[in-house]
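Have a look at upload33.csv; it's CSV, C-alpha atoms:
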chain,number,residue,atom,x,y,z
I,1,MET,CA,-144.4,30.2,204.5
I,2,VAL,CA,-145.8,33.4,203.0
I,3,VAL,CA,-142.3,35.0,203.0
I,4,ARG,CA,-140.7,31.9,201.3
I,5,SER,CA,-143.5,31.8,198.7
I,6,CYS,CA,-143.1,35.5,198.1
I,7,LEU,CA,-139.3,35.1,197.6
I,8,ALA,CA,-139.7,32.1,195.3
I,9,LEU,CA,-142.4,33.8,193.2
I,10,LYS,CA,-140.5,37.0,193.0
I,11,LEU,CA,-137.4,35.5,191.7
I,12,LEU,CA,-139.1,33.0,189.4
I,13,ALA,CA,-141.2,35.7,187.9
I,14,LEU,CA,-138.2,37.8,187.1
I,15,LEU,CA,-138.7,39.9,190.2
I,16,VAL,CA,-142.2,41.2,189.4
I,17,VAL,CA,-144.1,40.1,192.4
I,18,PRO,CA,-144.0,42.8,195.1
I,19,CYS,CA,-142.4,42.0,198.5
I,20,SER,CA,-141.3,44.3,201.2
I,21,ALA,CA,-137.6,44.7,202.0
I,22,ALA,CA,-138.3,43.0,205.4
I,23,GLU,CA,-139.8,40.0,203.6
I,24,MET,CA,-136.8,39.7,201.3
I,25,ASP,CA,-134.3,40.0,204.2
I,26,LEU,CA,-134.4,36.4,205.3
I,27,ALA,CA,-130.7,36.0,206.0
I,28,SER,CA,-129.5,39.3,207.6
I,29,ALA,CA,-130.3,38.4,211.2
I,30,SER,CA,-127.6,35.7,211.3
I,31,ARG,CA,-124.5,34.6,209.5
I,32,LEU,CA,-125.1,31.0,210.5
I,33,PRO,CA,-125.7,28.7,207.5
I,34,THR,CA,-129.3,27.8,207.1
I,35,THR,CA,-131.4,26.3,204.4
I,36,SER,CA,-133.7,28.3,202.2
I,37,PRO,CA,-136.0,27.7,199.3
I,38,SER,CA,-134.1,27.0,196.1
I,39,ILE,CA,-134.5,29.4,193.3
I,40,THR,CA,-132.6,27.5,190.7
I,41,THR,CA,-133.8,26.3,187.4
I,42,SER,CA,-131.9,23.0,187.5
I,43,ALA,CA,-132.0,20.5,190.3
I,44,ASN,CA,-128.2,20.6,190.7
I,45,GLU,CA,-127.5,24.3,190.0
I,46,SER,CA,-125.9,26.6,192.6
I,47,VAL,CA,-127.0,30.2,192.6
I,48,LEU,CA,-125.9,33.4,194.2
I,49,VAL,CA,-128.7,35.7,195.5
I,50,LEU,CA,-128.2,39.3,196.5
I,51,ASN,CA,-130.7,41.3,198.5
I,52,ARG,CA,-130.8,44.4,200.7
I,53,THR,CA,-130.8,44.1,204.5
I,54,THR,CA,-131.8,46.7,207.1
I,55,ARG,CA,-128.2,46.8,208.4
I,56,SER,CA,-125.5,49.4,207.5
I,57,LEU,CA,-121.8,49.9,208.1
I,58,PRO,CA,-121.5,52.0,211.3
I,59,ARG,CA,-118.8,54.5,210.2
I,60,THR,CA,-119.8,55.1,206.6
I,61,GLY,CA,-123.5,54.3,206.5
I,62,ASP,CA,-123.2,52.0,203.5
I,63,PRO,CA,-126.1,49.6,203.4
I,64,ILE,CA,-125.1,46.0,203.9
I,65,TRP,CA,-126.4,43.6,201.3
I,66,SER,CA,-126.7,39.9,201.9
I,67,LEU,CA,-125.0,37.7,199.3
I,68,ARG,CA,-126.0,34.0,199.7
I,69,LEU,CA,-124.8,31.0,197.9
I,70,GLU,CA,-127.6,28.4,197.6
I,71,THR,CA,-126.6,24.9,196.5
I,72,PRO,CA,-129.2,22.0,196.6
I,73,GLY,CA,-128.4,19.7,199.5
I,74,GLN,CA,-125.8,22.1,201.1
I,75,PRO,CA,-126.0,24.7,203.9
I,76,VAL,CA,-126.6,28.2,202.6
I,77,GLN,CA,-123.4,30.3,202.7
I,78,HIS,CA,-123.9,34.0,203.7
I,79,PHE,CA,-121.6,36.9,202.9
I,80,ASP,CA,-122.0,40.6,203.8
I,81,ALA,CA,-121.5,43.0,200.9
I,82,VAL,CA,-122.0,46.5,199.7
I,83,SER,CA,-123.3,47.6,196.3
I,84,GLY,CA,-123.1,51.3,195.2
I,85,ARG,CA,-122.4,54.2,197.5
I,86,ALA,CA,-124.3,55.0,200.7
I,87,HIS,CA,-125.7,58.3,199.4
I,88,ARG,CA,-126.6,56.8,195.9
I,89,GLN,CA,-128.8,53.9,197.0
I,90,ASN,CA,-131.9,55.5,195.4
I,91,ALA,CA,-130.2,56.6,192.1
I,92,ASP,CA,-131.2,55.1,188.8
I,93,ARG,CA,-129.9,51.6,188.9
I,94,HIS,CA,-130.0,51.2,185.1
I,95,ARG,CA,-127.9,54.3,184.2
I,96,SER,CA,-124.1,54.1,183.9
I,97,GLY,CA,-122.1,56.3,186.2
I,98,THR,CA,-124.7,56.8,188.9
I,99,ARG,CA,-122.8,54.8,191.6
I,100,ALA,CA,-126.2,53.1,192.4
I,101,PRO,CA,-126.5,49.4,193.4
I,102,LEU,CA,-126.8,46.7,190.8
I,103,PRO,CA,-130.1,46.6,188.9
I,104,ALA,CA,-132.5,43.9,190.0
I,105,GLY,CA,-132.4,40.8,187.7
I,106,ARG,CA,-130.5,37.8,186.6
I,107,TYR,CA,-126.8,37.8,185.8
I,108,VAL,CA,-124.4,35.2,184.4
I,109,LEU,CA,-121.0,34.9,186.2
I,110,GLY,CA,-117.7,34.9,184.4
I,111,PRO,CA,-114.6,33.1,185.6
I,112,VAL,CA,-112.9,33.8,188.9
I,113,GLU,CA,-109.8,35.9,187.9
I,114,PRO,CA,-106.9,37.0,190.1
I,115,LEU,CA,-106.0,40.7,189.9
I,116,GLY,CA,-102.5,42.0,189.9
I,117,PRO,CA,-100.5,45.1,190.6
I,118,ALA,CA,-101.6,46.8,187.4
I,119,ASP,CA,-105.3,46.5,188.5
I,120,PRO,CA,-107.0,49.1,190.7
I,121,ARG,CA,-106.3,48.3,194.4
I,122,GLU,CA,-109.9,49.2,195.2
I,123,LEU,CA,-111.0,46.0,193.5
I,124,GLY,CA,-109.1,43.7,195.9
I,125,PRO,CA,-107.2,40.5,194.8
I,126,ILE,CA,-110.0,38.7,192.9
I,127,TRP,CA,-112.6,39.7,190.2
I,128,ILE,CA,-115.7,37.7,189.2
I,129,GLY,CA,-117.3,39.4,186.2
I,130,ILE,CA,-121.1,39.4,185.9
I,131,GLU,CA,-123.2,40.0,182.8
I,132,PRO,CA,-126.8,41.2,183.0
I,133,GLN,CA,-129.3,39.0,181.2
I,134,PHE,CA,-131.7,41.9,180.7
I,135,PRO,CA,-131.5,45.4,179.0
I,136,THR,CA,-129.7,47.9,181.1
I,137,GLY,CA,-127.3,50.8,180.6
I,138,ARG,CA,-124.8,49.3,183.1
I,139,GLY,CA,-121.7,47.4,182.1
I,140,HIS,CA,-118.4,46.2,183.3
I,141,LEU,CA,-119.9,44.8,186.5
I,142,GLY,CA,-118.4,42.3,188.9
I,143,ILE,CA,-118.0,40.8,192.4
I,144,HIS,CA,-114.9,41.8,194.2
I,145,LEU,CA,-113.5,42.8,197.6
I,146,ASP,CA,-114.2,46.4,198.9
I,147,PRO,CA,-111.0,47.0,200.8
I,148,SER,CA,-112.3,50.5,201.9
I,149,ALA,CA,-115.5,49.2,203.4
I,150,ASN,CA,-116.4,51.1,206.5
I,151,ARG,CA,-113.0,52.9,206.4
I,152,ASN,CA,-113.1,56.0,204.3
I,153,ALA,CA,-114.9,57.9,201.5
I,154,ASN,CA,-114.1,55.1,199.1
I,155,SER,CA,-116.4,52.8,201.1
I,156,GLY,CA,-119.0,51.2,198.8
I,157,THR,CA,-118.7,50.4,195.1
I,158,LEU,CA,-119.4,52.1,191.8
I,159,GLY,CA,-122.2,49.6,191.3
I,160,CYS,CA,-120.6,46.2,191.7
I,161,VAL,CA,-120.9,43.8,194.6
I,162,GLY,CA,-118.1,44.4,197.1
I,163,LEU,CA,-117.6,41.9,199.8
I,164,ILE,CA,-116.7,43.5,203.1
I,165,ARG,CA,-114.3,40.8,204.4
I,166,TRP,CA,-111.1,39.5,202.7
I,167,ASP,CA,-111.7,36.0,204.0
I,168,ASP,CA,-115.2,36.0,202.6
I,169,MET,CA,-113.9,37.0,199.2
I,170,GLN,CA,-111.4,34.1,199.2
I,171,THR,CA,-114.1,31.6,200.4
I,172,LEU,CA,-116.6,32.8,197.8
I,173,ALA,CA,-114.1,32.6,195.0
I,174,GLY,CA,-113.3,29.0,195.9
I,175,LEU,CA,-116.9,28.0,196.2
I,176,VAL,CA,-117.8,29.6,192.9
I,177,GLN,CA,-115.1,27.6,191.2
I,178,ARG,CA,-115.8,24.3,193.0
I,179,ARG,CA,-119.6,24.4,192.6
I,180,ASN,CA,-119.4,25.9,189.1
I,181,VAL,CA,-121.7,28.8,190.0
I,182,ARG,CA,-122.9,30.6,186.9
I,183,THR,CA,-126.0,32.6,188.1
I,184,LEU,CA,-126.5,35.7,190.3
I,185,VAL,CA,-130.0,36.9,191.1
I,186,VAL,CA,-130.3,40.5,192.4
I,187,SER,CA,-133.6,41.4,194.1
I,188,GLU,CA,-135.0,44.9,194.7
Could the structure of this file be written out as structure tokens, please?
Amino acid sequence: MVVRSCLALKLLALLVVPCSAAEMDLASASRLPTTSPSITTSANESVLVLNRTTRSLPRTGDPIWSLRLETPGQPVQHFDAVSGRAHRQNADRHRSGTRAPLPAGRYVLGPVEPLGPADPRELGPIWIGIEPQFPTGRGHLGIHLDPSANRNANSGTLGCVGLIRWDDMQTLAGLVQRRNVRTLVVSE
């Protein structure tokens, strides 16, 4: 109960309450849907939550982040993701060009957009733009597939959320549209 309270307080207090990484990593042990405390501001609102895990990709060392979709009355959906590059996890998360993970805070999701042949292949087939709701030097951020995850030197992202599995990206895009998800909360 202390971990759940810490998670809820941290997210509701705009991520000011200190919690250890282990306390925040409630979902990394299993990919099975579970229920977790809601962090939404509305009784019907779905929300995406991104937090670090203690796991990493075996070949490239990129830390695996847990992206969960929480919808009241529904099982929690879990997706493995990367954010930033393996060797840049401790870089300044608020400065553009650092290849660091997303800064902690609340983001608003844009529409799910298909990408085409003119778009960079490294973004995969779908883009979901995210806009920080706090001051930061970072911009042009989104959720997309990382087709290089665990494969080569391009593994990881320049700071976006990169899902590791193609099927997960397709599933997430469909759920975001059907459930009208408009909020992403990134923890420390």
Neighbours of range 166-175 of chain I within 8 Å (only C-alpha atoms; same-chain residues fewer than 5 positions away dropped), as a PyMOL selection string? chain I and resi 79+112+126+128+144-145+147+180-181
May I have the residues at most 6 Å from (-133.3, 37.5, 197.3) in the file's coordinates, counting only C-alpha atoms, as a list of chain:residue names? I:Met24, I:Val49, I:Leu50, I:Asn51, I:Ser187
Between I:Arg59, I:His78, I:Arg52, I:Arg106, single out the one closest to Val185 in chain I, counting all atoms listed in the file. I:Arg106
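The nearest approach to Arg151 in chain I among the residues I:Gly61, I:Gly105, I:Thr71, I:Val47, with all atoms listed in the file taken into account, belongs to I:Gly61.
All residues of protein, DNA or RNA that reach within 6 Å of Ala149 in chain I, judged by all atoms listed in the file and not counting those fewer than 3 positions away in the chain, are Asp146, Ser155 and Ile164 of chain I.
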What separation in Å, quoted to one decimal, exists between CA of Ala91 in chain I and CA of Gly142 in chain I? 18.8 Å
For CA of Arg95 in chain I and CA of Ala81 in chain I, the interatomic separation in Å (one decimal): 21.2 Å
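The smallest atom-to-atom distance between Ala153 in chain I and any of I:Gln77, I:Thr60, I:Gln89, I:Thr136, using all atoms listed in the file, is found for I:Thr60.
The nearest approach to Asn152 in chain I among the residues I:Leu102, I:Pro58, I:Gly73, I:Arg93, with all atoms listed in the file taken into account, belongs to I:Pro58.
What separates CA of Leu158 in chain I from CA of Ser46 in chain I is a distance of 26.3 Å.
Ranking I:His140, I:Gly129, I:Gly156, I:Arg55 by their shortest atom-to-atom distance to Pro114 in chain I, with all atoms listed in the file included, puts I:Gly129 first.
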Ser96 in chain I: which residues within 9 Å, counting all atoms listed in the file, same-chain residues fewer than 4 positions away excluded, as a ChimeraX atom specification? /I:92,100,136-139,159
Neighbours of Glu45 in chain I within 9 Å (only C-alpha atoms; same-chain residues fewer than 3 positions away dropped), as an MDAnalysis selection string? chainID I and resid 40:42 70:72 179:183
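Residue nearest Arg68 in chain I, chosen from I:Glu122, I:Pro103, I:Arg178, I:Leu163 and counting only C-alpha atoms: I:Leu163.
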